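Text of the file start.txt, holding compact mmCIF, C-alpha atoms and all ligand atoms:
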```txt
# COMPACT_ATOMS: atom_id res chain seq x y z
CA MET T 1 -21.97 -14.68 -72.10
CA ALA T 2 -24.50 -14.43 -69.24
CA PHE T 3 -22.96 -14.83 -65.82
CA SER T 4 -24.12 -14.59 -62.22
CA LEU T 5 -22.43 -13.42 -59.04
CA GLU T 6 -22.58 -14.97 -55.59
CA PRO T 7 -21.21 -12.52 -52.99
CA VAL T 8 -18.98 -14.09 -50.35
CA THR T 9 -18.89 -11.45 -47.60
CA PRO T 10 -20.33 -7.91 -47.40
CA ALA T 11 -16.80 -6.47 -47.37
CA LEU T 12 -15.35 -8.31 -50.34
CA GLY T 13 -15.43 -11.31 -52.65
CA ALA T 14 -17.84 -12.85 -55.13
CA VAL T 15 -17.93 -16.16 -56.98
CA VAL T 16 -18.56 -15.79 -60.72
CA HIS T 17 -20.68 -18.49 -62.35
CA GLY T 18 -21.15 -18.99 -66.07
CA VAL T 19 -17.87 -17.63 -67.45
CA ASP T 20 -15.38 -19.72 -69.41
CA LEU T 21 -11.99 -17.98 -69.33
CA SER T 22 -10.60 -20.21 -72.09
CA LYS T 23 -12.79 -18.21 -74.51
CA LYS T 24 -12.29 -14.56 -75.48
CA LEU T 25 -14.98 -12.67 -73.58
CA ASP T 26 -17.16 -10.29 -75.56
CA ASN T 27 -16.92 -6.63 -74.55
CA SER T 28 -20.16 -6.56 -72.62
CA THR T 29 -19.22 -9.63 -70.53
CA PHE T 30 -15.79 -8.15 -69.92
CA SER T 31 -17.24 -4.85 -68.82
CA GLY T 32 -19.66 -6.70 -66.46
CA ILE T 33 -16.70 -8.50 -64.93
CA TRP T 34 -14.79 -5.26 -64.60
CA ASP T 35 -17.76 -3.70 -62.74
CA ALA T 36 -18.05 -6.76 -60.48
CA PHE T 37 -14.31 -6.59 -59.82
CA ASN T 38 -14.55 -2.93 -58.78
CA LYS T 39 -17.49 -3.72 -56.53
CA HIS T 40 -16.30 -6.95 -54.86
CA SER T 41 -12.47 -6.58 -55.08
CA VAL T 42 -11.92 -10.36 -55.21
CA LEU T 43 -13.54 -12.56 -57.86
CA VAL T 44 -13.39 -16.37 -57.86
CA PHE T 45 -13.97 -18.22 -61.15
CA PRO T 46 -14.28 -21.93 -60.27
CA ASP T 47 -13.34 -24.83 -62.52
CA GLN T 48 -11.46 -23.02 -65.28
CA HIS T 49 -9.39 -25.04 -67.76
CA ILE T 50 -6.96 -22.61 -69.33
CA THR T 51 -3.51 -22.66 -70.90
CA PRO T 52 -0.80 -20.13 -69.96
CA GLU T 53 -1.60 -18.31 -73.23
CA GLN T 54 -5.29 -18.02 -72.29
CA HIS T 55 -4.37 -16.87 -68.78
CA ILE T 56 -2.10 -14.17 -70.23
CA ALA T 57 -4.70 -13.14 -72.84
CA PHE T 58 -7.38 -12.62 -70.17
CA SER T 59 -5.05 -10.79 -67.77
CA SER T 60 -3.78 -8.51 -70.56
CA ARG T 61 -7.25 -7.02 -70.90
CA PHE T 62 -6.85 -5.55 -67.39
CA GLY T 63 -3.58 -3.78 -68.14
CA GLU T 64 0.04 -4.20 -69.09
CA LEU T 65 1.53 -7.34 -67.51
CA MET T 66 4.54 -7.02 -65.23
CA GLU T 67 7.41 -9.50 -64.95
CA HIS T 68 8.19 -10.38 -61.33
CA VAL T 69 11.58 -9.40 -59.93
CA LEU T 70 12.30 -13.02 -58.94
CA ARG T 71 13.23 -14.03 -62.47
CA GLU T 72 14.16 -17.62 -61.65
CA ASP T 73 10.50 -18.23 -60.69
CA LEU T 74 9.01 -17.16 -64.03
CA LEU T 75 7.43 -19.71 -66.36
CA GLU T 76 9.79 -20.60 -69.18
CA GLY T 77 8.58 -19.04 -72.43
CA HIS T 78 5.96 -16.99 -70.52
CA PRO T 79 7.79 -14.55 -68.23
CA GLU T 80 4.48 -12.82 -67.45
CA ILE T 81 3.63 -15.82 -65.25
CA TYR T 82 5.18 -16.02 -61.80
CA ILE T 83 5.17 -19.57 -60.41
CA ILE T 84 4.30 -20.01 -56.75
CA SER T 85 4.97 -23.58 -55.72
CA ASN T 86 6.64 -25.92 -53.26
CA LYS T 87 7.21 -28.49 -56.06
CA LYS T 88 10.61 -29.49 -57.41
CA LYS T 89 11.79 -29.82 -61.01
CA PRO T 90 13.01 -33.27 -62.18
CA ASP T 91 16.62 -32.08 -61.56
CA GLY T 92 15.75 -31.30 -57.91
CA GLY T 93 15.70 -27.52 -58.38
CA ARG T 94 12.79 -25.34 -57.31
CA LEU T 95 9.85 -25.14 -59.69
CA GLY T 96 8.69 -21.77 -58.31
CA ARG T 97 8.74 -19.58 -55.21
CA PRO T 98 7.62 -21.72 -52.25
CA GLU T 99 7.00 -19.07 -49.59
CA ALA T 100 5.47 -16.28 -51.69
CA GLY T 101 3.31 -13.94 -49.67
CA TRP T 102 3.28 -15.79 -46.33
CA TYR T 103 2.50 -12.44 -44.67
CA TRP T 104 -0.09 -9.72 -45.18
CA HIS T 105 0.85 -7.61 -48.17
CA THR T 106 -0.36 -5.91 -51.32
CA ASP T 107 1.40 -7.16 -54.42
CA LEU T 108 4.37 -5.10 -55.50
CA SER T 109 3.71 -2.20 -53.09
CA TYR T 110 7.53 -1.91 -53.06
CA GLU T 111 7.42 -0.65 -56.68
CA ASN T 112 7.11 3.01 -57.65
CA THR T 113 4.08 2.03 -59.72
CA PRO T 114 2.52 -0.86 -57.77
CA SER T 115 0.31 -3.42 -59.43
CA VAL T 116 -3.38 -2.80 -60.17
CA ALA T 117 -4.50 -6.41 -59.92
CA SER T 118 -3.29 -9.99 -59.71
CA HIS T 119 -4.77 -13.12 -61.29
CA MET T 120 -3.91 -16.52 -59.84
CA TYR T 121 -4.72 -19.93 -61.29
CA ALA T 122 -4.60 -23.03 -59.09
CA LEU T 123 -3.13 -25.98 -60.98
CA GLU T 124 -2.49 -28.17 -57.92
CA VAL T 125 -3.77 -27.65 -54.39
CA PRO T 126 -3.22 -29.55 -51.13
CA SER T 127 -6.13 -31.58 -49.75
CA SER T 128 -6.23 -29.09 -46.88
CA GLY T 129 -4.27 -25.93 -46.10
CA GLY T 130 -2.67 -23.41 -48.45
CA ASP T 131 -5.67 -21.05 -48.18
CA THR T 132 -5.28 -17.38 -49.08
CA MET T 133 -6.81 -14.66 -46.89
CA PHE T 134 -7.89 -11.36 -48.45
CA ALA T 135 -8.77 -8.20 -46.53
CA SER T 136 -10.60 -5.11 -47.75
CA SER T 137 -8.38 -2.10 -47.09
CA ALA T 138 -11.29 0.12 -48.14
CA ALA T 139 -13.58 -1.36 -45.46
CA ALA T 140 -10.69 -1.00 -43.00
CA TYR T 141 -10.31 2.69 -43.85
CA ASP T 142 -14.08 3.23 -43.55
CA GLY T 143 -13.93 1.60 -40.10
CA LEU T 144 -11.47 4.15 -38.67
CA SER T 145 -12.64 7.06 -36.51
CA GLU T 146 -12.63 10.51 -38.13
CA PRO T 147 -9.59 11.72 -36.09
CA MET T 148 -7.64 8.60 -37.10
CA LYS T 149 -8.63 9.08 -40.76
CA LYS T 150 -7.36 12.66 -40.55
CA LEU T 151 -4.05 11.50 -39.14
CA VAL T 152 -3.38 8.74 -41.69
CA ASP T 153 -4.69 10.81 -44.64
CA GLY T 154 -1.68 13.09 -44.35
CA LEU T 155 1.02 10.43 -43.91
CA THR T 156 3.37 8.59 -46.22
CA ALA T 157 5.27 5.36 -45.59
CA GLU T 158 8.31 3.57 -46.94
CA HIS T 159 7.88 0.18 -48.66
CA ASP T 160 10.80 -2.17 -49.19
CA PHE T 161 10.88 -5.62 -50.83
CA ARG T 162 13.72 -6.67 -48.51
CA HIS T 163 11.59 -6.05 -45.41
CA ALA T 164 9.31 -9.05 -46.06
CA TYR T 165 12.25 -11.34 -46.69
CA ASP T 166 14.17 -10.25 -43.57
CA THR T 167 11.09 -10.30 -41.33
CA PHE T 168 9.06 -13.29 -42.48
CA ILE T 169 10.90 -15.51 -44.96
CA LYS T 170 14.55 -15.70 -43.83
CA PRO T 171 13.67 -16.52 -40.20
CA ARG T 172 11.53 -19.44 -41.47
CA GLY T 173 14.42 -20.81 -43.57
CA GLY T 174 12.78 -19.75 -46.85
CA ALA T 175 14.37 -19.89 -50.30
CA PRO T 176 17.13 -17.26 -50.57
CA ILE T 177 16.90 -14.06 -52.57
CA SER T 178 20.15 -12.51 -53.82
CA ASP T 179 21.32 -9.05 -52.76
CA ALA T 180 21.29 -8.02 -56.43
CA VAL T 181 17.49 -8.43 -56.48
CA PHE T 182 17.11 -6.19 -53.44
CA GLU T 183 19.59 -3.64 -54.78
CA ALA T 184 17.57 -3.37 -57.99
CA ARG T 185 14.50 -2.48 -55.88
CA PRO T 186 15.41 0.41 -53.55
CA PRO T 187 12.75 1.46 -51.01
CA VAL T 188 9.90 3.67 -52.27
CA VAL T 189 7.49 6.01 -50.50
CA HIS T 190 3.69 5.95 -50.98
CA PRO T 191 0.76 7.77 -49.36
CA MET T 192 -0.73 5.70 -46.52
CA VAL T 193 -4.21 6.19 -47.92
CA ARG T 194 -5.02 5.86 -51.60
CA THR T 195 -8.10 6.61 -53.66
CA HIS T 196 -9.38 3.91 -55.98
CA PRO T 197 -9.38 5.44 -59.48
CA ASP T 198 -12.55 3.63 -60.57
CA THR T 199 -14.71 3.71 -57.43
CA GLY T 200 -13.37 6.79 -55.62
CA ARG T 201 -13.19 4.75 -52.39
CA ARG T 202 -10.35 5.54 -50.00
CA SER T 203 -8.31 2.66 -48.58
CA LEU T 204 -5.40 2.10 -46.26
CA TYR T 205 -2.16 1.42 -48.08
CA VAL T 206 0.27 -0.10 -45.57
CA ASN T 207 1.08 -3.77 -45.09
CA GLU T 208 3.19 -5.74 -42.65
CA GLY T 209 5.16 -7.37 -45.47
CA PHE T 210 6.61 -4.42 -47.29
CA THR T 211 5.98 -1.30 -45.19
CA ARG T 212 9.07 -0.46 -43.17
CA LYS T 213 8.23 2.85 -41.51
CA ILE T 214 6.08 5.96 -41.51
CA MET T 215 7.96 8.96 -42.84
CA GLY T 216 8.72 11.79 -40.42
CA MET T 217 7.72 9.89 -37.27
CA HIS T 218 9.91 8.69 -34.44
CA ARG T 219 10.66 4.98 -34.68
CA ASP T 220 8.41 4.04 -31.73
CA GLU T 221 5.53 6.21 -32.98
CA SER T 222 5.79 4.64 -36.42
CA ARG T 223 5.90 1.11 -34.95
CA ALA T 224 2.89 1.71 -32.69
CA LEU T 225 0.73 3.22 -35.43
CA LEU T 226 1.65 0.57 -38.01
CA ASP T 227 0.96 -2.22 -35.51
CA PHE T 228 -2.46 -0.75 -34.79
CA LEU T 229 -3.26 -0.38 -38.50
CA TYR T 230 -2.18 -3.95 -39.28
CA ARG T 231 -4.38 -5.31 -36.47
CA HIS T 232 -7.28 -3.12 -37.49
CA SER T 233 -6.98 -3.92 -41.24
CA THR T 234 -7.18 -7.65 -40.67
CA ARG T 235 -10.20 -7.73 -38.34
CA SER T 236 -12.44 -10.69 -39.16
CA GLU T 237 -15.21 -8.58 -40.70
CA TYR T 238 -12.82 -7.23 -43.35
CA VAL T 239 -11.38 -10.66 -44.22
CA LEU T 240 -12.31 -13.40 -46.64
CA ARG T 241 -10.47 -16.74 -46.41
CA HIS T 242 -10.38 -18.54 -49.72
CA ARG T 243 -10.05 -22.31 -49.64
CA TRP T 244 -8.65 -23.22 -53.04
CA SER T 245 -10.07 -25.92 -55.28
CA GLN T 246 -8.05 -27.16 -58.21
CA TYR T 247 -8.70 -24.99 -61.31
CA ASP T 248 -9.93 -21.97 -59.36
CA PHE T 249 -8.95 -18.73 -61.06
CA VAL T 250 -8.97 -15.83 -58.57
CA MET T 251 -8.41 -12.16 -59.28
CA TRP T 252 -7.88 -9.51 -56.65
CA ASP T 253 -7.70 -5.73 -56.71
CA ASN T 254 -4.40 -4.45 -55.35
CA ARG T 255 -5.85 -0.93 -55.15
CA GLY T 256 -8.17 -1.85 -52.27
CA THR T 257 -7.10 -5.13 -50.70
CA GLN T 258 -4.22 -6.96 -49.11
CA HIS T 259 -3.73 -10.70 -48.80
CA CYS T 260 -1.79 -13.36 -46.93
CA ALA T 261 -0.97 -16.91 -48.09
CA LEU T 262 -0.94 -19.63 -45.45
CA GLY T 263 2.13 -21.86 -45.51
CA ASP T 264 0.51 -24.64 -43.48
CA TYR T 265 0.70 -27.58 -45.92
CA ASN T 266 3.10 -30.32 -47.02
CA GLU T 267 1.35 -31.62 -50.11
CA ASP T 268 2.02 -30.16 -53.58
CA ARG T 269 0.69 -26.70 -54.40
CA LEU T 270 1.21 -25.10 -57.83
CA MET T 271 -0.11 -21.65 -58.76
CA TYR T 272 0.44 -19.42 -61.80
CA ARG T 273 0.10 -15.70 -61.13
CA THR T 274 0.02 -12.66 -63.41
CA THR T 275 0.14 -9.04 -62.20
CA MET T 276 -0.99 -5.95 -64.02
CA ALA T 277 1.01 -2.72 -63.90
CA GLY T 278 -0.40 0.36 -62.22
CA ASP T 279 0.40 4.06 -61.88
CA ILE T 280 2.11 6.27 -59.36
CA ILE T 281 -0.22 6.54 -56.34
CA GLU T 282 -1.53 10.09 -55.88
C1 LIG S 301 0.69 -14.09 -53.35
O1 LIG S 301 0.36 -13.59 -54.40
O2 LIG S 301 1.06 -13.39 -52.42
C2 LIG S 301 0.62 -15.57 -53.16
C3 LIG S 301 -0.74 -15.99 -52.76
C4 LIG S 301 -0.83 -17.46 -52.55
O3 LIG S 301 0.09 -18.22 -52.87
O4 LIG S 301 -1.87 -17.89 -52.08
```

Turn the structure described in the file into structure tokens.
Amino acid sequence: MAFSLEPVTPALGAVVHGVDLSKKLDNSTFSGIWDAFNKHSVLVFPDQHITPEQHIAFSSRFGELMEHVLREDLLEGHPEIYIISNKKKPDGGRLGRPEAGWYWHTDLSYENTPSVASHMYALEVPSSGGDTMFASSAAAYDGLSEPMKKLVDGLTAEHDFRHAYDTFIKPRGGAPISDAVFEARPPVVHPMVRTHPDTGRRSLYVNEGFTRKIMGMHRDESRALLDFLYRHSTRSEYVLRHRWSQYDFVMWDNRGTQHCALGDYNEDRLMYRTTMAGDIIE
């Protein structure tokens, strides 16, 4: 299948034309997409008409699929798909997680083996709002001074699923998450800079959602450095803002990006997301 790429910004993002994800891609098309993914970090496939089975089949080629910790938000019969939505079921219950990712984060950085990539399919989108912003953590690392690189290269930080809920979701009256979920996910520690296994690029690995503190630093030192890194990592030149169209399929690389969903809409929004398992970060 011949396809073409339309880069979105120099830092990240490309639109892929000429690929039909409802079909099994031949190996050479798949390897072209894999190369484009490593180069651009975020790929947008417009106007895809796929079933949950086809979504899962495509995602599975990128790695083992993870089941999200918020089990009540998984698609019935397809627990590999996490539903992100403000819609209600006919019985009035939630259809999916309404406030997923309304803060800068990298998916599942609170896991010991955080996710490699995420694939999200837009089934329903508001007429405006509900955009997702992506930032290149590799470009952000490249943009640091040499002394700052030296400092962060040697540091580790704690990531905690509960931190995002306590800081961003609970204060906005978001859907509750039980203590049992948090207890099953104790905090983990990762290096603050990681090396992309396929490209060798270094990138910052802290995010305002899940990173609680820098290990070994005083509280105020940790706060000041994290605040600086969050501001720096989300400078406009590192960021792509994706305005969703219905049937967009977007994949992003969790080994070199972070993202933030905007909760600025009232109309229906329904997304299906898969995440691929990764390894311990060296
Ligand atoms: C997420 O994966 O964090 C959700 C992104 C979105 O809903 O736009």

Each residue of chain T with at least one atom at most 8 Å from ligand LIG 301 (chain S) should appear once, together with its nearest atom pair and the corresponding distance in Å (one decimal); atoms considered: all atoms listed in the file; ordering: chain, then increasing residue number; output as JSON lines.
```
{"residue": "T:Ile84", "atom": "CA", "partner": "S:LIG301", "partner_atom": "O3", "distance": 6.0}
{"residue": "T:Ser85", "atom": "CA", "partner": "S:LIG301", "partner_atom": "O3", "distance": 7.8}
{"residue": "T:Glu99", "atom": "CA", "partner": "S:LIG301", "partner_atom": "O3", "distance": 7.7}
{"residue": "T:Ala100", "atom": "CA", "partner": "S:LIG301", "partner_atom": "C2", "distance": 5.1}
{"residue": "T:Gly101", "atom": "CA", "partner": "S:LIG301", "partner_atom": "O2", "distance": 3.6}
{"residue": "T:Trp102", "atom": "CA", "partner": "S:LIG301", "partner_atom": "O2", "distance": 6.9}
{"residue": "T:Tyr103", "atom": "CA", "partner": "S:LIG301", "partner_atom": "O2", "distance": 7.9}
{"residue": "T:His105", "atom": "CA", "partner": "S:LIG301", "partner_atom": "O2", "distance": 7.2}
{"residue": "T:Thr106", "atom": "CA", "partner": "S:LIG301", "partner_atom": "O2", "distance": 7.7}
{"residue": "T:Asp107", "atom": "CA", "partner": "S:LIG301", "partner_atom": "O1", "distance": 6.5}
{"residue": "T:Ser118", "atom": "CA", "partner": "S:LIG301", "partner_atom": "O1", "distance": 7.4}
{"residue": "T:Met120", "atom": "CA", "partner": "S:LIG301", "partner_atom": "O1", "distance": 7.5}
{"residue": "T:Gly130", "atom": "CA", "partner": "S:LIG301", "partner_atom": "O4", "distance": 6.7}
{"residue": "T:Asp131", "atom": "CA", "partner": "S:LIG301", "partner_atom": "O4", "distance": 6.3}
{"residue": "T:Thr132", "atom": "CA", "partner": "S:LIG301", "partner_atom": "O4", "distance": 4.6}
{"residue": "T:Met133", "atom": "CA", "partner": "S:LIG301", "partner_atom": "O4", "distance": 7.9}
{"residue": "T:His259", "atom": "CA", "partner": "S:LIG301", "partner_atom": "O2", "distance": 6.6}
{"residue": "T:Cys260", "atom": "CA", "partner": "S:LIG301", "partner_atom": "O2", "distance": 6.2}
{"residue": "T:Ala261", "atom": "CA", "partner": "S:LIG301", "partner_atom": "O4", "distance": 4.2}
{"residue": "T:Leu262", "atom": "CA", "partner": "S:LIG301", "partner_atom": "O4", "distance": 6.9}
{"residue": "T:Met271", "atom": "CA", "partner": "S:LIG301", "partner_atom": "O3", "distance": 6.8}
{"residue": "T:Arg273", "atom": "CA", "partner": "S:LIG301", "partner_atom": "O1", "distance": 7.1}
```

ask   = In terms of the shortest atom-to-atom distance over only C-alpha atoms, which of T:Pro186, T:Pro191, T:Gly143, T:Gly278 is closest to Met66 of chain T?
value =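 Counting only C-alpha atoms, the residue closest to Met66 of chain T is T:Gly278.
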
ask   = Could you name the residues that touch segment 53-63 of chain T at 9 Å or less, counting all atoms listed in the file, but leaving out those on the same chain fewer than 2 positions away, as an MDAnalysis selection string?
value = chainID T and resid 21:25 30 34 50:51 65 78 80:81 116:121 272:278

Contact residues around Arg94 of chain T with only C-alpha atoms at 10 Å, ignoring same-chain residues under 5 positions, as a list in words =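 After dropping sequence-adjacent residues, the list is Glu72, Asp73, Ser85, Asn86, Lys87, Lys88, Lys89 and Ala175 of chain T.
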
task = In the coordinate frame of the file, compute which residues have an atom within 9 Å of (-17.5, -9.5, -58.0) when using all atoms listed in the file, and state them as a count of residues only.
result = 20

key: Nearest candidate to Ile281 of chain T (options T:Asp26, T:Glu67, T:Glu208, T:Glu111; using all atoms listed in the file)   = T:Glu111

At a cut-off of 8 Å, can you tabulate as a tab-separated table every residue of segment 18-120 of chain T near segment 232-247 of chain T together with its closest atom pair and the distance in Å to one decimal, using only C-alpha atoms and ordering rows by chain then number?
```
residue	atom	partner	partner_atom	distance
T:Pro46	CA	T:Tyr247	CA	6.4
T:Asp47	CA	T:Tyr247	CA	4.8
T:Gln48	CA	T:Tyr247	CA	5.2
T:His49	CA	T:Tyr247	CA	6.5
```

Dump as a compact mmCIF listing (two decimals), keeping the file's coordinate frame, selection limited to C-alpha atoms:
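Okay, out.txt is ready:
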```
# COMPACT_ATOMS: atom_id res chain seq x y z
CA PRO T 46 -14.28 -21.93 -60.27
CA ASP T 47 -13.34 -24.83 -62.52
CA GLN T 48 -11.46 -23.02 -65.28
CA HIS T 49 -9.39 -25.04 -67.76
```

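For the atom pair formed by atom CA of Glu124 of chain T and atom CA of Leu74 of chain T, the distance is 17.1 Å, given to one decimal.
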
query = In Å to one decimal, how far is atom CA of Ile177 of chain T from atom CA of Leu70 of chain T?
reply =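 Computing it gives 7.9 Å between the two atoms.
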
inquiry  = Tell me which residues come within 10 Å of (-8.3, 1.2, -46.7), as a VMD selection string, counting all atoms listed in the file in the file's coordinates.
reply    = chain T and resid 135 to 144 149 192 to 196 201 to 206 229 233 255 to 258

Those residues with C-alpha atoms, as a CSV table (one decimal), in the frame of the given file please?
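The result, stored in out15.csv:
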```csv
chain,number,residue,atom,x,y,z
T,135,ALA,CA,-8.8,-8.2,-46.5
T,136,SER,CA,-10.6,-5.1,-47.8
T,137,SER,CA,-8.4,-2.1,-47.1
T,138,ALA,CA,-11.3,0.1,-48.1
T,139,ALA,CA,-13.6,-1.4,-45.5
T,140,ALA,CA,-10.7,-1.0,-43.0
T,141,TYR,CA,-10.3,2.7,-43.8
T,142,ASP,CA,-14.1,3.2,-43.6
T,143,GLY,CA,-13.9,1.6,-40.1
T,144,LEU,CA,-11.5,4.2,-38.7
T,149,LYS,CA,-8.6,9.1,-40.8
T,192,MET,CA,-0.7,5.7,-46.5
T,193,VAL,CA,-4.2,6.2,-47.9
T,194,ARG,CA,-5.0,5.9,-51.6
T,195,THR,CA,-8.1,6.6,-53.7
T,196,HIS,CA,-9.4,3.9,-56.0
T,201,ARG,CA,-13.2,4.8,-52.4
T,202,ARG,CA,-10.4,5.5,-50.0
T,203,SER,CA,-8.3,2.7,-48.6
T,204,LEU,CA,-5.4,2.1,-46.3
T,205,TYR,CA,-2.2,1.4,-48.1
T,206,VAL,CA,0.3,-0.1,-45.6
T,229,LEU,CA,-3.3,-0.4,-38.5
T,233,SER,CA,-7.0,-3.9,-41.2
T,255,ARG,CA,-5.8,-0.9,-55.2
T,256,GLY,CA,-8.2,-1.8,-52.3
T,257,THR,CA,-7.1,-5.1,-50.7
T,258,GLN,CA,-4.2,-7.0,-49.1
```

query = Could you pull the residues within 8 Å of segment 151-164 of chain T, counting all atoms listed in the file, minus those fewer than 4 positions along the same chain, as a ChimeraX atom specification?
reply = /T:103,109-110,147,168-169,182,185-193,206,208-215

Export of prior selection with C-alpha atoms as a PDB file, in the coordinates of the input:
```pdb
ATOM      1  CA  TYR T 103       2.500 -12.440 -44.670  1.00  0.00           C
ATOM      2  CA  SER T 109       3.710  -2.200 -53.090  1.00  0.00           C
ATOM      3  CA  TYR T 110       7.530  -1.910 -53.060  1.00  0.00           C
ATOM      4  CA  PRO T 147      -9.590  11.720 -36.090  1.00  0.00           C
ATOM      5  CA  PHE T 168       9.060 -13.290 -42.480  1.00  0.00           C
ATOM      6  CA  ILE T 169      10.900 -15.510 -44.960  1.00  0.00           C
ATOM      7  CA  PHE T 182      17.110  -6.190 -53.440  1.00  0.00           C
ATOM      8  CA  ARG T 185      14.500  -2.480 -55.880  1.00  0.00           C
ATOM      9  CA  PRO T 186      15.410   0.410 -53.550  1.00  0.00           C
ATOM     10  CA  PRO T 187      12.750   1.460 -51.010  1.00  0.00           C
ATOM     11  CA  VAL T 188       9.900   3.670 -52.270  1.00  0.00           C
ATOM     12  CA  VAL T 189       7.490   6.010 -50.500  1.00  0.00           C
ATOM     13  CA  HIS T 190       3.690   5.950 -50.980  1.00  0.00           C
ATOM     14  CA  PRO T 191       0.760   7.770 -49.360  1.00  0.00           C
ATOM     15  CA  MET T 192      -0.730   5.700 -46.520  1.00  0.00           C
ATOM     16  CA  VAL T 193      -4.210   6.190 -47.920  1.00  0.00           C
ATOM     17  CA  VAL T 206       0.270  -0.100 -45.570  1.00  0.00           C
ATOM     18  CA  GLU T 208       3.190  -5.740 -42.650  1.00  0.00           C
ATOM     19  CA  GLY T 209       5.160  -7.370 -45.470  1.00  0.00           C
ATOM     20  CA  PHE T 210       6.610  -4.420 -47.290  1.00  0.00           C
ATOM     21  CA  THR T 211       5.980  -1.300 -45.190  1.00  0.00           C
ATOM     22  CA  ARG T 212       9.070  -0.460 -43.170  1.00  0.00           C
ATOM     23  CA  LYS T 213       8.230   2.850 -41.510  1.00  0.00           C
ATOM     24  CA  ILE T 214       6.080   5.960 -41.510  1.00  0.00           C
ATOM     25  CA  MET T 215       7.960   8.960 -42.840  1.00  0.00           C
TER      26      MET T 215
END
```

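Atom pair atom CA of Tyr230 of chain T / atom CA of Val69 of chain T has a distance of 25.4 Å (rounded to one decimal).
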
Output segment 61-102 of chain T from the block with C-alpha atoms, as an mmCIF file, in the first residue's frame?
```
data_model
loop_
_atom_site.group_PDB
_atom_site.id
_atom_site.type_symbol
_atom_site.label_atom_id
_atom_site.label_comp_id
_atom_site.auth_asym_id
_atom_site.auth_seq_id
_atom_site.Cartn_x
_atom_site.Cartn_y
_atom_site.Cartn_z
ATOM 1 C CA ARG T 61 1.417 -5.243 15.724
ATOM 2 C CA PHE T 62 3.128 -2.547 17.829
ATOM 3 C CA GLY T 63 3.358 -4.665 20.973
ATOM 4 C CA GLU T 64 1.420 -6.460 23.652
ATOM 5 C CA LEU T 65 -1.771 -4.575 24.560
ATOM 6 C CA MET T 66 -2.306 -3.432 28.139
ATOM 7 C CA GLU T 67 -5.636 -3.315 29.975
ATOM 8 C CA HIS T 68 -6.192 0.019 31.714
ATOM 9 C CA VAL T 69 -6.404 0.059 35.510
ATOM 10 C CA LEU T 70 -9.825 1.761 35.371
ATOM 11 C CA ARG T 71 -11.636 -1.467 34.561
ATOM 12 C CA GLU T 72 -15.135 0.007 34.550
ATOM 13 C CA ASP T 73 -14.121 2.112 31.521
ATOM 14 C CA LEU T 74 -13.080 -0.816 29.312
ATOM 15 C CA LEU T 75 -15.133 -1.801 26.274
ATOM 16 C CA GLU T 76 -17.294 -4.820 27.018
ATOM 17 C CA GLY T 77 -15.894 -7.878 25.246
ATOM 18 C CA HIS T 78 -12.722 -5.938 24.301
ATOM 19 C CA PRO T 79 -10.871 -5.044 27.513
ATOM 20 C CA GLU T 80 -7.886 -3.850 25.452
ATOM 21 C CA ILE T 81 -9.953 -0.763 24.572
ATOM 22 C CA TYR T 82 -10.215 2.010 27.135
ATOM 23 C CA ILE T 83 -13.224 4.266 26.531
ATOM 24 C CA ILE T 84 -12.730 8.002 26.980
ATOM 25 C CA SER T 85 -16.079 9.738 26.828
ATOM 26 C CA ASN T 86 -18.487 12.153 28.468
ATOM 27 C CA LYS T 87 -21.462 10.139 27.130
ATOM 28 C CA LYS T 88 -23.899 8.197 29.288
ATOM 29 C CA LYS T 89 -25.208 4.651 28.895
ATOM 30 C CA PRO T 90 -28.997 4.176 28.451
ATOM 31 C CA ASP T 91 -29.222 3.377 32.209
ATOM 32 C CA GLY T 92 -27.618 6.757 33.035
ATOM 33 C CA GLY T 93 -24.236 5.302 34.006
ATOM 34 C CA ARG T 94 -20.962 6.515 32.537
ATOM 35 C CA LEU T 95 -19.994 5.123 29.148
ATOM 36 C CA GLY T 96 -16.276 5.796 29.699
ATOM 37 C CA ARG T 97 -13.836 8.015 31.571
ATOM 38 C CA PRO T 98 -14.898 11.641 31.015
ATOM 39 C CA GLU T 99 -11.843 13.525 32.278
ATOM 40 C CA ALA T 100 -9.034 11.276 31.038
ATOM 41 C CA GLY T 101 -5.762 13.104 30.630
ATOM 42 C CA TRP T 102 -6.918 16.686 31.253
#
```
